[in-house]
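Undergrad: Input structure: model21.cif, which contains mmCIF, C-alpha atoms (C1' of nucleotides).
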data_query
#
loop_
_atom_site.group_PDB
_atom_site.id
_atom_site.type_symbol
_atom_site.label_atom_id
_atom_site.label_comp_id
_atom_site.auth_asym_id
_atom_site.auth_seq_id
_atom_site.Cartn_x
_atom_site.Cartn_y
_atom_site.Cartn_z
ATOM 1 C CA MET A 4 -25.904 10.131 34.316
ATOM 2 C CA SER A 5 -28.972 8.034 33.816
ATOM 3 C CA ASN A 6 -30.595 10.749 31.696
ATOM 4 C CA LEU A 7 -28.020 9.980 29.025
ATOM 5 C CA GLU A 8 -29.249 6.428 28.734
ATOM 6 C CA LEU A 9 -32.152 5.031 26.803
ATOM 7 C CA VAL A 10 -35.039 3.685 28.748
ATOM 8 C CA VAL A 11 -35.144 -0.067 28.280
ATOM 9 C CA LEU A 12 -38.804 -0.850 27.935
ATOM 10 C CA GLY A 13 -39.949 -3.858 29.872
ATOM 11 C CA GLN A 14 -36.715 -4.027 31.789
ATOM 12 C CA ASP A 15 -38.541 -5.553 34.721
ATOM 13 C CA ASP A 16 -41.465 -6.873 32.780
ATOM 14 C CA ALA A 17 -41.643 -10.398 31.467
ATOM 15 C CA ALA A 18 -44.381 -9.685 28.927
ATOM 16 C CA VAL A 19 -41.830 -8.932 26.240
ATOM 17 C CA CYS A 20 -40.407 -12.413 26.633
ATOM 18 C CA CYS A 21 -43.368 -13.816 24.696
ATOM 19 C CA THR A 22 -43.272 -11.559 21.711
ATOM 20 C CA PRO A 23 -41.042 -13.066 19.061
ATOM 21 C CA LEU A 24 -40.428 -11.268 15.821
ATOM 22 C CA ALA A 25 -42.857 -13.487 13.972
ATOM 23 C CA ARG A 26 -45.860 -13.009 16.167
ATOM 24 C CA GLU A 27 -46.887 -9.711 14.616
ATOM 25 C CA PRO A 28 -45.294 -7.004 12.474
ATOM 26 C CA LEU A 29 -43.118 -4.660 14.474
ATOM 27 C CA GLY A 30 -44.378 -1.116 14.828
ATOM 28 C CA GLU A 31 -42.250 1.809 13.705
ATOM 29 C CA GLU A 32 -41.533 2.929 17.226
ATOM 30 C CA ALA A 33 -40.658 -0.517 18.557
ATOM 31 C CA ALA A 34 -38.448 -1.152 15.530
ATOM 32 C CA ALA A 35 -36.569 2.095 16.055
ATOM 33 C CA ASP A 36 -36.046 1.276 19.717
ATOM 34 C CA LEU A 37 -34.804 -2.228 19.034
ATOM 35 C CA ALA A 38 -32.634 -1.103 16.124
ATOM 36 C CA LYS A 39 -30.665 1.109 18.492
ATOM 37 C CA MET A 40 -29.840 -1.894 20.636
ATOM 38 C CA PHE A 41 -28.884 -4.054 17.687
ATOM 39 C CA LYS A 42 -26.783 -1.201 16.346
ATOM 40 C CA ALA A 43 -24.864 -1.259 19.593
ATOM 41 C CA LEU A 44 -24.159 -4.931 18.941
ATOM 42 C CA SER A 45 -23.204 -4.394 15.306
ATOM 43 C CA ASP A 46 -19.531 -3.685 15.913
ATOM 44 C CA PRO A 47 -16.976 -6.452 16.530
ATOM 45 C CA VAL A 48 -15.177 -4.483 19.216
ATOM 46 C CA ARG A 49 -18.399 -3.812 21.117
ATOM 47 C CA LEU A 50 -19.432 -7.433 20.824
ATOM 48 C CA ARG A 51 -16.126 -8.537 22.283
ATOM 49 C CA LEU A 52 -16.333 -5.881 24.979
ATOM 50 C CA LEU A 53 -19.750 -7.125 25.980
ATOM 51 C CA SER A 54 -18.512 -10.695 26.016
ATOM 52 C CA LEU A 55 -15.465 -9.740 28.060
ATOM 53 C CA ILE A 56 -17.614 -7.946 30.607
ATOM 54 C CA ALA A 57 -20.157 -10.742 30.787
ATOM 55 C CA SER A 58 -17.559 -13.456 31.179
ATOM 56 C CA HIS A 59 -15.447 -11.556 33.674
ATOM 57 C CA GLU A 60 -15.443 -12.894 37.195
ATOM 58 C CA GLY A 61 -18.060 -11.246 39.356
ATOM 59 C CA GLY A 62 -19.983 -10.275 36.230
ATOM 60 C CA GLU A 63 -18.303 -6.910 36.014
ATOM 61 C CA ALA A 64 -15.063 -5.542 34.694
ATOM 62 C CA CYS A 65 -12.969 -2.447 35.158
ATOM 63 C CA VAL A 66 -12.166 -0.412 32.051
ATOM 64 C CA CYS A 67 -8.550 -1.217 32.774
ATOM 65 C CA ASP A 68 -9.383 -4.885 32.135
ATOM 66 C CA LEU A 69 -10.942 -4.017 28.798
ATOM 67 C CA THR A 70 -8.365 -1.921 27.006
ATOM 68 C CA GLY A 71 -5.646 -4.557 26.896
ATOM 69 C CA PRO A 72 -7.152 -7.169 24.556
ATOM 70 C CA PHE A 73 -7.788 -4.676 21.744
ATOM 71 C CA ASP A 74 -5.692 -2.985 19.119
ATOM 72 C CA VAL A 75 -7.680 0.225 19.299
ATOM 73 C CA SER A 76 -6.888 3.202 21.491
ATOM 74 C CA GLN A 77 -8.277 3.850 24.947
ATOM 75 C CA PRO A 78 -10.573 6.700 23.825
ATOM 76 C CA THR A 79 -12.054 4.357 21.253
ATOM 77 C CA ILE A 80 -12.790 1.748 23.919
ATOM 78 C CA SER A 81 -14.352 4.454 26.031
ATOM 79 C CA HIS A 82 -16.494 5.487 23.074
ATOM 80 C CA HIS A 83 -17.698 1.933 22.494
ATOM 81 C CA LEU A 84 -18.516 1.483 26.160
ATOM 82 C CA LYS A 85 -20.570 4.653 25.994
ATOM 83 C CA VAL A 86 -22.520 3.278 23.025
ATOM 84 C CA LEU A 87 -23.235 0.056 24.908
ATOM 85 C CA ARG A 88 -24.281 2.035 27.970
ATOM 86 C CA GLU A 89 -26.572 4.397 26.067
ATOM 87 C CA ALA A 90 -28.208 1.402 24.416
ATOM 88 C CA GLY A 91 -29.024 0.067 27.859
ATOM 89 C CA LEU A 92 -26.965 -3.077 27.381
ATOM 90 C CA VAL A 93 -24.497 -2.372 30.161
ATOM 91 C CA GLY A 94 -24.411 -0.369 33.356
ATOM 92 C CA SER A 95 -21.431 1.432 34.845
ATOM 93 C CA GLU A 96 -20.284 2.886 38.116
ATOM 94 C CA ARG A 97 -17.183 4.628 39.357
ATOM 95 C CA ARG A 98 -15.604 3.147 42.467
ATOM 96 C CA GLY A 99 -12.675 5.222 43.547
ATOM 97 C CA THR A 100 -10.097 5.292 40.817
ATOM 98 C CA TRP A 101 -11.707 2.756 38.531
ATOM 99 C CA VAL A 102 -14.932 2.570 36.560
ATOM 100 C CA TYR A 103 -16.706 -0.769 36.430
ATOM 101 C CA TYR A 104 -19.054 -2.057 33.764
ATOM 102 C CA TRP A 105 -21.576 -4.866 33.965
ATOM 103 C CA VAL A 106 -24.051 -6.416 31.569
ATOM 104 C CA ARG A 107 -27.801 -5.812 31.916
ATOM 105 C CA PRO A 108 -29.217 -9.325 31.473
ATOM 106 C CA ALA A 109 -32.770 -8.026 31.016
ATOM 107 C CA ALA A 110 -31.760 -6.046 27.941
ATOM 108 C CA LEU A 111 -30.041 -9.039 26.372
ATOM 109 C CA ALA A 112 -32.970 -11.256 27.293
ATOM 110 C CA LYS A 113 -35.329 -8.862 25.542
ATOM 111 C CA LEU A 114 -33.392 -9.136 22.307
ATOM 112 C CA SER A 115 -32.905 -12.864 22.718
ATOM 113 C CA ALA A 116 -36.627 -13.411 23.131
ATOM 114 C CA LEU A 117 -37.351 -11.301 20.081
ATOM 115 C CA LEU A 118 -35.172 -13.499 17.905
ATOM 116 C CA GLN A 119 -36.435 -16.806 19.157
ATOM 117 C CA ALA A 120 -37.519 -18.850 16.160
ATOM 118 C CA PRO A 121 -41.293 -19.449 16.129
ATOM 119 C CA THR A 122 -41.507 -23.177 15.452
ATOM 120 C CA GLY A 123 -38.967 -24.648 13.063
ATOM 121 C CA GLU A 124 -37.221 -24.455 9.712
ATOM 122 C CA SER A 125 -40.340 -24.661 7.565
ATOM 123 C CA GLY A 126 -43.394 -24.963 9.737
ATOM 124 C CA MET B 21 -26.283 -16.439 -6.099
ATOM 125 C CA SER B 22 -25.268 -18.229 -2.960
ATOM 126 C CA ASN B 23 -21.699 -17.041 -3.293
ATOM 127 C CA LEU B 24 -22.951 -13.559 -2.452
ATOM 128 C CA GLU B 25 -24.180 -14.734 0.917
ATOM 129 C CA LEU B 26 -22.312 -15.247 4.131
ATOM 130 C CA VAL B 27 -21.917 -18.741 5.355
ATOM 131 C CA VAL B 28 -23.966 -19.120 8.499
ATOM 132 C CA LEU B 29 -21.837 -21.231 10.761
ATOM 133 C CA GLY B 30 -23.650 -23.954 12.590
ATOM 134 C CA GLN B 31 -26.775 -23.478 10.528
ATOM 135 C CA ASP B 32 -27.701 -27.091 11.092
ATOM 136 C CA ASP B 33 -25.693 -27.573 14.241
ATOM 137 C CA ALA B 34 -27.155 -27.217 17.707
ATOM 138 C CA ALA B 35 -23.809 -26.842 19.449
ATOM 139 C CA VAL B 36 -23.921 -23.062 19.147
ATOM 140 C CA CYS B 37 -27.130 -23.048 21.141
ATOM 141 C CA CYS B 38 -25.131 -23.552 24.344
ATOM 142 C CA THR B 39 -22.623 -20.793 23.946
ATOM 143 C CA PRO B 40 -23.983 -17.621 25.473
ATOM 144 C CA LEU B 41 -22.018 -14.436 25.340
ATOM 145 C CA ALA B 42 -20.948 -14.817 28.939
ATOM 146 C CA ARG B 43 -19.454 -18.263 28.736
ATOM 147 C CA GLU B 44 -16.138 -17.121 27.335
ATOM 148 C CA PRO B 45 -14.751 -14.046 25.592
ATOM 149 C CA LEU B 46 -15.651 -13.900 21.928
ATOM 150 C CA GLY B 47 -12.770 -14.359 19.516
ATOM 151 C CA GLU B 48 -12.025 -11.719 16.908
ATOM 152 C CA GLU B 49 -13.261 -13.852 14.057
ATOM 153 C CA ALA B 50 -16.480 -14.927 15.749
ATOM 154 C CA ALA B 51 -17.168 -11.348 16.791
ATOM 155 C CA ALA B 52 -16.703 -10.084 13.235
ATOM 156 C CA ASP B 53 -19.029 -12.759 11.922
ATOM 157 C CA LEU B 54 -21.731 -12.046 14.468
ATOM 158 C CA ALA B 55 -21.364 -8.292 14.109
ATOM 159 C CA LYS B 56 -22.341 -8.588 10.445
ATOM 160 C CA MET B 57 -25.583 -10.262 11.419
ATOM 161 C CA PHE B 58 -26.361 -7.737 14.127
ATOM 162 C CA LYS B 59 -25.549 -4.943 11.692
ATOM 163 C CA ALA B 60 -28.206 -6.330 9.405
ATOM 164 C CA LEU B 61 -30.640 -6.003 12.301
ATOM 165 C CA SER B 62 -29.501 -2.514 13.235
ATOM 166 C CA ASP B 63 -31.850 -0.633 10.921
ATOM 167 C CA PRO B 64 -35.531 -0.035 11.775
ATOM 168 C CA VAL B 65 -36.672 -0.700 8.226
ATOM 169 C CA ARG B 66 -34.828 -4.026 8.095
ATOM 170 C CA LEU B 67 -36.160 -5.025 11.484
ATOM 171 C CA ARG B 68 -39.697 -4.336 10.328
ATOM 172 C CA LEU B 69 -39.065 -6.122 7.039
ATOM 173 C CA LEU B 70 -37.861 -9.179 8.902
ATOM 174 C CA SER B 71 -40.869 -9.055 11.179
ATOM 175 C CA LEU B 72 -43.235 -8.630 8.241
ATOM 176 C CA ILE B 73 -41.711 -11.618 6.485
ATOM 177 C CA ALA B 74 -41.709 -13.778 9.611
ATOM 178 C CA SER B 75 -45.283 -12.954 10.495
ATOM 179 C CA HIS B 76 -46.619 -13.308 6.968
ATOM 180 C CA GLU B 77 -48.849 -16.275 6.347
ATOM 181 C CA GLY B 78 -46.938 -19.261 5.048
ATOM 182 C CA GLY B 79 -43.767 -17.836 6.593
ATOM 183 C CA GLU B 80 -42.809 -16.079 3.384
ATOM 184 C CA ALA B 81 -43.672 -12.853 1.623
ATOM 185 C CA CYS B 82 -43.450 -11.425 -1.847
ATOM 186 C CA VAL B 83 -41.522 -8.184 -2.288
ATOM 187 C CA CYS B 84 -44.793 -6.703 -3.453
ATOM 188 C CA ASP B 85 -46.156 -7.337 0.053
ATOM 189 C CA LEU B 86 -43.221 -5.531 1.614
ATOM 190 C CA THR B 87 -43.049 -2.209 -0.169
ATOM 191 C CA GLY B 88 -46.457 -0.928 0.892
ATOM 192 C CA PRO B 89 -45.988 -0.413 4.638
ATOM 193 C CA PHE B 90 -42.902 1.789 4.268
ATOM 194 C CA ASP B 91 -42.259 5.390 3.377
ATOM 195 C CA VAL B 92 -39.045 4.595 1.559
ATOM 196 C CA SER B 93 -38.735 3.864 -2.145
ATOM 197 C CA GLN B 94 -38.905 0.411 -3.657
ATOM 198 C CA PRO B 95 -35.184 0.298 -4.575
ATOM 199 C CA THR B 96 -34.404 1.063 -0.950
ATOM 200 C CA ILE B 97 -36.525 -1.888 0.182
ATOM 201 C CA SER B 98 -34.697 -4.055 -2.320
ATOM 202 C CA HIS B 99 -31.402 -2.858 -0.898
ATOM 203 C CA HIS B 100 -32.441 -3.713 2.647
ATOM 204 C CA LEU B 101 -33.629 -7.152 1.582
ATOM 205 C CA LYS B 102 -30.252 -7.727 0.005
ATOM 206 C CA VAL B 103 -28.522 -6.815 3.256
ATOM 207 C CA LEU B 104 -30.710 -9.255 5.181
ATOM 208 C CA ARG B 105 -30.053 -11.952 2.592
ATOM 209 C CA GLU B 106 -26.283 -11.460 2.574
ATOM 210 C CA ALA B 107 -26.283 -11.667 6.355
ATOM 211 C CA GLY B 108 -27.924 -15.062 6.092
ATOM 212 C CA LEU B 109 -31.032 -13.962 7.960
ATOM 213 C CA VAL B 110 -33.443 -14.524 5.091
ATOM 214 C CA GLY B 111 -33.593 -16.617 1.958
ATOM 215 C CA SER B 112 -35.183 -15.670 -1.349
ATOM 216 C CA GLU B 113 -36.436 -17.290 -4.520
ATOM 217 C CA ARG B 114 -38.014 -16.064 -7.712
ATOM 218 C CA ARG B 115 -41.252 -17.806 -8.676
ATOM 219 C CA GLY B 116 -42.486 -16.515 -11.966
ATOM 220 C CA THR B 117 -43.101 -12.826 -11.731
ATOM 221 C CA TRP B 118 -42.591 -12.444 -8.021
ATOM 222 C CA VAL B 119 -39.663 -12.884 -5.659
ATOM 223 C CA TYR B 120 -40.385 -14.409 -2.277
ATOM 224 C CA TYR B 121 -38.457 -13.958 0.941
ATOM 225 C CA TRP B 122 -38.508 -16.118 4.053
ATOM 226 C CA VAL B 123 -36.741 -16.019 7.403
ATOM 227 C CA ARG B 124 -33.964 -18.448 8.273
ATOM 228 C CA PRO B 125 -34.888 -19.548 11.794
ATOM 229 C CA ALA B 126 -31.496 -21.125 12.426
ATOM 230 C CA ALA B 127 -29.735 -17.798 11.932
ATOM 231 C CA LEU B 128 -32.076 -16.021 14.328
ATOM 232 C CA ALA B 129 -31.769 -18.879 16.804
ATOM 233 C CA LYS B 130 -28.001 -18.552 16.715
ATOM 234 C CA LEU B 131 -28.181 -14.897 17.705
ATOM 235 C CA SER B 132 -30.928 -15.549 20.222
ATOM 236 C CA ALA B 133 -28.860 -18.216 21.955
ATOM 237 C CA LEU B 134 -25.866 -15.909 22.060
ATOM 238 C CA LEU B 135 -27.802 -13.268 23.939
ATOM 239 C CA GLN B 136 -29.446 -15.563 26.443
ATOM 240 C CA ALA B 137 -28.712 -14.260 29.903
ATOM 241 C CA PRO B 138 -26.476 -16.625 31.862
ATOM 242 C CA THR B 139 -28.360 -16.963 35.165
ATOM 243 C CA GLY B 140 -29.905 -13.817 36.572
ATOM 244 C CA GLU B 141 -29.561 -10.127 37.334
ATOM 245 C CA SER B 142 -26.612 -10.413 39.704
ATOM 246 C CA GLY B 143 -25.715 -13.976 40.385
ATOM 247 C "C1'" DG C 4 -42.075 -8.680 -31.148
ATOM 248 C "C1'" DG C 5 -43.426 -5.092 -28.109
ATOM 249 C "C1'" DC C 6 -45.767 -3.540 -23.898
ATOM 250 C "C1'" DT C 7 -46.543 -3.868 -18.882
ATOM 251 C "C1'" DT C 8 -45.445 -5.008 -14.295
ATOM 252 C "C1'" DG C 9 -42.209 -6.608 -10.671
ATOM 253 C "C1'" DT C 10 -37.502 -6.444 -8.960
ATOM 254 C "C1'" DT C 11 -32.576 -5.396 -8.911
ATOM 255 C "C1'" DT C 12 -28.570 -2.663 -9.980
ATOM 256 C "C1'" DC C 13 -26.188 1.726 -10.699
ATOM 257 C "C1'" DG C 14 -24.420 6.262 -9.563
ATOM 258 C "C1'" DA C 15 -24.762 10.054 -6.641
ATOM 259 C "C1'" DC C 16 -25.107 12.356 -2.344
ATOM 260 C "C1'" DA C 17 -25.837 13.671 2.597
ATOM 261 C "C1'" DT C 18 -25.269 11.767 6.938
ATOM 262 C "C1'" DC C 19 -23.504 8.569 10.311
ATOM 263 C "C1'" DT C 20 -19.717 5.861 12.377
ATOM 264 C "C1'" DG C 21 -15.159 4.273 14.000
ATOM 265 C "C1'" DT C 22 -10.886 5.854 14.765
ATOM 266 C "C1'" DC C 23 -7.192 8.802 16.333
ATOM 267 C "C1'" DG C 24 -4.338 12.354 19.148
ATOM 268 C "C1'" DA C 25 -4.891 15.974 22.278
ATOM 269 C "C1'" DT C 26 -6.953 17.407 26.189
ATOM 270 C "C1'" DA C 27 -9.925 17.612 30.278
ATOM 271 C "C1'" DC C 28 -11.715 15.520 34.393
ATOM 272 C "C1'" DA C 29 -11.590 12.355 38.694
ATOM 273 C "C1'" DG C 30 -9.431 10.240 42.487
ATOM 274 C "C1'" DC C 31 -5.377 8.813 45.055
ATOM 275 C "C1'" DG C 32 -0.955 9.378 47.371
ATOM 276 C "C1'" DA C 33 3.318 11.960 48.500
ATOM 277 C "C1'" DT D 12 -0.787 21.324 46.707
ATOM 278 C "C1'" DC D 13 1.301 18.786 43.218
ATOM 279 C "C1'" DG D 14 1.923 14.962 40.398
ATOM 280 C "C1'" DC D 15 0.384 10.447 38.825
ATOM 281 C "C1'" DT D 16 -2.817 7.157 36.944
ATOM 282 C "C1'" DG D 17 -7.354 5.946 35.082
ATOM 283 C "C1'" DT D 18 -11.207 7.396 32.294
ATOM 284 C "C1'" DA D 19 -14.076 10.497 29.429
ATOM 285 C "C1'" DT D 20 -14.680 14.213 26.079
ATOM 286 C "C1'" DC D 21 -13.344 17.003 22.031
ATOM 287 C "C1'" DG D 22 -12.295 17.928 17.252
ATOM 288 C "C1'" DA D 23 -10.987 16.052 13.034
ATOM 289 C "C1'" DC D 24 -11.085 12.863 9.278
ATOM 290 C "C1'" DA D 25 -11.589 8.706 6.202
ATOM 291 C "C1'" DG D 26 -14.763 5.345 5.139
ATOM 292 C "C1'" DA D 27 -19.349 3.129 5.597
ATOM 293 C "C1'" DT D 28 -24.422 3.523 5.263
ATOM 294 C "C1'" DG D 29 -29.272 4.844 3.897
ATOM 295 C "C1'" DT D 30 -31.589 7.072 0.538
ATOM 296 C "C1'" DC D 31 -33.060 8.509 -4.028
ATOM 297 C "C1'" DG D 32 -34.042 8.635 -9.284
ATOM 298 C "C1'" DA D 33 -32.733 6.497 -13.435
ATOM 299 C "C1'" DA D 34 -31.964 2.584 -15.781
ATOM 300 C "C1'" DA D 35 -31.412 -2.412 -16.499
ATOM 301 C "C1'" DC D 36 -33.120 -7.024 -16.077
ATOM 302 C "C1'" DA D 37 -36.954 -10.737 -15.707
ATOM 303 C "C1'" DA D 38 -41.351 -12.728 -16.615
ATOM 304 C "C1'" DG D 39 -45.878 -12.671 -18.402
ATOM 305 C "C1'" DC D 40 -49.397 -10.930 -21.736
ATOM 306 C "C1'" DC D 41 -51.222 -8.563 -26.022
#
Could the structure of this file be written out as structure tokens, please?
TA:
Amino acid sequence: MSNLELVVLGQDDAAVCCTPLAREPLGEEAAADLAKMFKALSDPVRLRLLSLIASHEGGEACVCDLTGPFDVSQPTISHHLKVLREAGLVGSERRGTWVYYWVRPAALAKLSALLQAPTGESG
Amino acid sequence: MSNLELVVLGQDDAAVCCTPLAREPLGEEAAADLAKMFKALSDPVRLRLLSLIASHEGGEACVCDLTGPFDVSQPTISHHLKVLREAGLVGSERRGTWVYYWVRPAALAKLSALLQAPTGESG
DNA sequence: GGCTTGTTTCGACATCTGTCGATACAGCGA
DNA sequence: TCGCTGTATCGACAGATGTCGAAACAAGCC
């Protein structure tokens, strides 16, 4: 399964925490990598899915907990979860009948650090 | 001009800084609003443009500084800048011959705060 | 005024994306 | 084994997106 997922660079490395967007121009490769993650966040349903998973008790949620709150069909939810998973933003595991999803804090932290404003509004 | 841009909620309000994704499920409206911003970040060219602008001396860059490093045409760069502007991530102003773009730190900070990991990897 | 340079808008087009219903796969219980 | 429930995949389709060349608009200079 894991070969379907993107490698999240610096997943266990704190160096990326100190590299905001403004420090130096992003390289083509880094930009392409990051864009995939942001693309995964660029859909309202996926954003709400991620939030639902993150705020669920225990930090993980069954797919059965995630289909209810949305107006879209179950295959569509499954598709969105796959996008989040392949972007490295969530992990998943089957336990018996149900499949559970959880957020990967390191991936979110990477993006969060990237967007941290350098100093202030105008210098 | 400003009527073409999205209103960035909480632009001058720090309250949003304490509302990570995990605190409570995102509402439909908030998710749609945030998704537009993330969508603006979901393209490698736009990500690099934003980085170029943010890292440029003085915190702002002329369009003429931004077309060089890319393989895409100048109208395409202009299009991407428009997307970033309408998402509220950058501001722009014409000064004589040239148009300058700068990053809006508050908008980035809003997204950064949203993605901040709650506590740790599993607890 | 007319030319030149910088930037945006327009129209077109190929590709990507979100969505669905139908179907397949996985695990549990009778 | 069979049927049931939960989840993922498939195939199709409408609409969105990134890209281009051409053209329009803006400001400065001759």
Undergrad: Please check the contacts: residues of chain A at most 9 Å away from chain B, using all atoms listed in the file, listed as an MDAnalysis selection string.
TA: chainID A and resid 23:59 61:62 106:126
Undergrad: Applied to the shown file, which residues does the PyMOL selection byres ((chain B) within 9 of (chain D)) return, written as a list in words?
TA: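 Applying the expression gives Val92, Ser93, Pro95, Thr96, Gly116, Thr117 and Trp118 of chain B.
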Undergrad: Within 12 Å of chain C, which residues of chain B come that close, and what is the closest atom pair and distance in Å for each? Count only C-alpha atoms (C1' of nucleotides) and give it as CSV.
TA:
residue,atom,partner,partner_atom,distance
B:Cys82,CA,C:DG9,C1',10.1
B:Val83,CA,C:DT10,C1',8.0
B:Cys84,CA,C:DG9,C1',7.7
B:Asp85,CA,C:DG9,C1',11.5
B:Thr87,CA,C:DT10,C1',11.2
B:Gln94,CA,C:DT10,C1',8.8
B:Pro95,CA,C:DT11,C1',7.6
B:Thr96,CA,C:DT11,C1',10.4
B:Ile97,CA,C:DT10,C1',10.3
B:Ser98,CA,C:DT11,C1',7.1
B:His99,CA,C:DT11,C1',8.5
B:His100,CA,C:DT11,C1',11.7
B:Leu101,CA,C:DT11,C1',10.7
B:Lys102,CA,C:DT11,C1',9.5
B:Glu113,CA,C:DT10,C1',11.8
B:Arg114,CA,C:DT10,C1',9.7
B:Arg115,CA,C:DG9,C1',11.4
B:Gly116,CA,C:DG9,C1',10.0
B:Thr117,CA,C:DG9,C1',6.4
B:Trp118,CA,C:DG9,C1',6.4
B:Val119,CA,C:DT10,C1',7.6
B:Tyr120,CA,C:DT10,C1',10.8
Undergrad: Residues as selected, C-alpha atoms, written as a PDB file, keeping the file's coordinate frame, can you do that?
TA:
ATOM      1  CA  CYS B  82     -43.450 -11.425  -1.847  1.00  0.00           C
ATOM      2  CA  VAL B  83     -41.522  -8.184  -2.288  1.00  0.00           C
ATOM      3  CA  CYS B  84     -44.793  -6.703  -3.453  1.00  0.00           C
ATOM      4  CA  ASP B  85     -46.156  -7.337   0.053  1.00  0.00           C
ATOM      5  CA  THR B  87     -43.049  -2.209  -0.169  1.00  0.00           C
ATOM      6  CA  GLN B  94     -38.905   0.411  -3.657  1.00  0.00           C
ATOM      7  CA  PRO B  95     -35.184   0.298  -4.575  1.00  0.00           C
ATOM      8  CA  THR B  96     -34.404   1.063  -0.950  1.00  0.00           C
ATOM      9  CA  ILE B  97     -36.525  -1.888   0.182  1.00  0.00           C
ATOM     10  CA  SER B  98     -34.697  -4.055  -2.320  1.00  0.00           C
ATOM     11  CA  HIS B  99     -31.402  -2.858  -0.898  1.00  0.00           C
ATOM     12  CA  HIS B 100     -32.441  -3.713   2.647  1.00  0.00           C
ATOM     13  CA  LEU B 101     -33.629  -7.152   1.582  1.00  0.00           C
ATOM     14  CA  LYS B 102     -30.252  -7.727   0.005  1.00  0.00           C
ATOM     15  CA  GLU B 113     -36.436 -17.290  -4.520  1.00  0.00           C
ATOM     16  CA  ARG B 114     -38.014 -16.064  -7.712  1.00  0.00           C
ATOM     17  CA  ARG B 115     -41.252 -17.806  -8.676  1.00  0.00           C
ATOM     18  CA  GLY B 116     -42.486 -16.515 -11.966  1.00  0.00           C
ATOM     19  CA  THR B 117     -43.101 -12.826 -11.731  1.00  0.00           C
ATOM     20  CA  TRP B 118     -42.591 -12.444  -8.021  1.00  0.00           C
ATOM     21  CA  VAL B 119     -39.663 -12.884  -5.659  1.00  0.00           C
ATOM     22  CA  TYR B 120     -40.385 -14.409  -2.277  1.00  0.00           C
TER      23      TYR B 120
END
Undergrad: Calculate how many Å separate CA of Leu109 in chain B from CA of Pro89 in chain B, rounding to one decimal.
TA: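 Interatomic distance here is 20.5 Å.
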Undergrad: What does the distance between CA of Val110 in chain B and CA of Leu86 in chain B come to in Å, to one decimal place?
TA: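 So the answer is 13.7 Å.
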Undergrad: Mind pulling up the distance from CA of Ala90 in chain A to CA of Tyr104 in chain A?
TA: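 Atom-to-atom, CA of Tyr104 in chain A and CA of Ala90 in chain A are spaced 13.5 Å apart.
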